[in-house]
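Here the structure comes first, spelled out in structure tokens, and everything after it is commentary.
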Amino acid sequence: MVTATALEAELLELAGSVPDPELPVLTLHELGVVRALRLHGGDAAEVDLTPTYTGCPAIEAMSLDIERVLREHGLREVSVRTVLTPAWSTDDITPEGRRKLREFGIAPPRTLKATGPIPLTLGPTRTGASGAAGTAEAEPVHCPHCGSADTELLSRFSSTACKALRRCLSCREPFDHFKEL
């Protein structure tokens, strides 16, 4: 493994500071999708970007924004490579990113810490006091408004494919939940 130079680390931080086009409350670093940056000569860079899922419609916008930011900082040539391995996981979202999601009204994904394939199941639609007690679901989805674990799934898809629509059974507010991958 090659260690990044101080300049590469600084440029990687700049690339990671770009806001996510679908969730502008998060940067690409906080989302965990900017993986690496390599300098070629003094004025060209290659950035590795891993989408949240194959076919993510925001990948082109992210790439263009990274190119713009790095060119504004003196790089003549910037190329962004889409890298699918290792695959992105919601475990890649930083603690700061999880905090920002919660403050924005989106329940952050639960931490999986999976080392292999993630099993996809059609589990219970309710969590907390009124359902799913004793099931395989490790942790309930907490309401980002009141903190209650008593929530229900309204739709497996919300405003984007990576979010589900839930409702809190305590405060009755609907909210997005960033699904675990």
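Chains: A, B, ... in order of the structure tokens. Residues: from 1 per chain. Ligands: from 1, in order shown.
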
Based on the backbone DSSP call, show me all residues of stretch 13-123 of chain A assigned strand (DSSP E), as a list of chain:residue names.
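Residues meeting the strand (DSSP E) criterion: A:Val34, A:Arg35, A:Ala36, A:Leu37, A:Arg38, A:Leu39, A:His40, A:Ala44, A:Ala45, A:Glu46, A:Val47, A:Asp48, A:Leu49, A:Glu77, A:Val78, A:Ser79, A:Val80, A:Arg81, A:Thr82, A:Ile106, A:Ala107.
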
Close residues, A:Glu22 itself excluded, 10 Å, only C-alpha atoms, min 5 positions apart in chain, as a PyMOL selection string:
chain A and resi 57-58+61-62+159-160

Mind writing the picked residues with N, CA and C atoms as a PDB file, in the first residue's frame?
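To be explicit, this is the file written out as selection.pdb:
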ATOM      1  N   PRO A  57     -27.654   7.497  -9.811  1.00  0.00           N
ATOM      2  CA  PRO A  57     -27.787   8.599 -10.764  1.00  0.00           C
ATOM      3  C   PRO A  57     -26.958   9.829 -10.401  1.00  0.00           C
ATOM      4  N   ALA A  58     -26.466   9.906  -9.170  1.00  0.00           N
ATOM      5  CA  ALA A  58     -25.710  11.083  -8.740  1.00  0.00           C
ATOM      6  C   ALA A  58     -24.218  10.981  -9.041  1.00  0.00           C
ATOM      7  N   ALA A  61     -22.842  13.773 -11.326  1.00  0.00           N
ATOM      8  CA  ALA A  61     -22.804  15.074 -10.656  1.00  0.00           C
ATOM      9  C   ALA A  61     -21.673  15.124  -9.640  1.00  0.00           C
ATOM     10  N   MET A  62     -21.466  14.037  -8.890  1.00  0.00           N
ATOM     11  CA  MET A  62     -20.369  13.996  -7.923  1.00  0.00           C
ATOM     12  C   MET A  62     -19.030  14.141  -8.632  1.00  0.00           C
ATOM     13  N   SER A 159     -37.714   9.180  -1.044  1.00  0.00           N
ATOM     14  CA  SER A 159     -37.333  10.157  -2.060  1.00  0.00           C
ATOM     15  C   SER A 159     -36.171   9.693  -2.930  1.00  0.00           C
ATOM     16  N   THR A 160     -35.347   8.800  -2.428  1.00  0.00           N
ATOM     17  CA  THR A 160     -34.283   8.177  -3.222  1.00  0.00           C
ATOM     18  C   THR A 160     -34.299   6.682  -2.927  1.00  0.00           C
TER      19      THR A 160
END

I need the residue nearest A:Thr50 from this list: A:Thr82, A:Ser148, A:Ser89, A:Ser170. Use only C-alpha atoms for the distance.
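Nearest candidate to A:Thr50 out of A:Thr82, A:Ser148, A:Ser89, A:Ser170: A:Thr82.
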
Just the residues within 7 Å of A:Val34, please, counting only C-alpha atoms, with nothing from its chain fewer than 6 positions along; format it as a list in words.
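Near A:Val34, the qualifying residues are Gly16, Leu28, Asp48, Leu49 and Thr50 of chain A.
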
If you measure from atom CA of A:Ala164 to atom CA of A:Lys179, what distance in Å do you get, rounded to one decimal?
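So the answer is 6.3 Å.
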
8 Å contact set for A:Leu75, only C-alpha atoms, chain neighbours under 5 positions out, as a compact mmCIF listing (two decimals) with all heavy atoms, in the first residue's frame:
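Output file around.txt is given in full below:
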# COMPACT_ATOMS: atom_id res chain seq x y z
N GLY A 42 2.80 17.23 -11.26
CA GLY A 42 2.42 18.27 -10.31
C GLY A 42 1.02 18.82 -10.51
O GLY A 42 0.52 19.54 -9.65
N ASP A 43 0.39 18.48 -11.65
CA ASP A 43 -0.89 19.16 -11.92
C ASP A 43 -1.99 18.24 -12.46
O ASP A 43 -2.94 18.70 -13.09
CB ASP A 43 -0.67 20.32 -12.87
CG ASP A 43 -0.16 19.88 -14.23
OD1 ASP A 43 0.19 18.69 -14.39
OD2 ASP A 43 -0.12 20.73 -15.14
N ALA A 44 -1.89 16.94 -12.19
CA ALA A 44 -2.92 16.00 -12.63
C ALA A 44 -3.23 15.04 -11.48
O ALA A 44 -2.33 14.63 -10.75
CB ALA A 44 -2.45 15.21 -13.85
N ALA A 45 -4.50 14.73 -11.34
CA ALA A 45 -4.90 13.83 -10.26
C ALA A 45 -5.97 12.86 -10.75
O ALA A 45 -6.74 13.15 -11.66
CB ALA A 45 -5.45 14.62 -9.07
N LEU A 70 -11.22 20.55 -7.61
CA LEU A 70 -9.78 20.32 -7.72
C LEU A 70 -9.15 21.22 -8.78
O LEU A 70 -8.02 21.69 -8.60
CB LEU A 70 -9.50 18.85 -8.00
CG LEU A 70 -9.85 17.91 -6.83
CD1 LEU A 70 -9.58 16.46 -7.21
CD2 LEU A 70 -9.08 18.29 -5.56
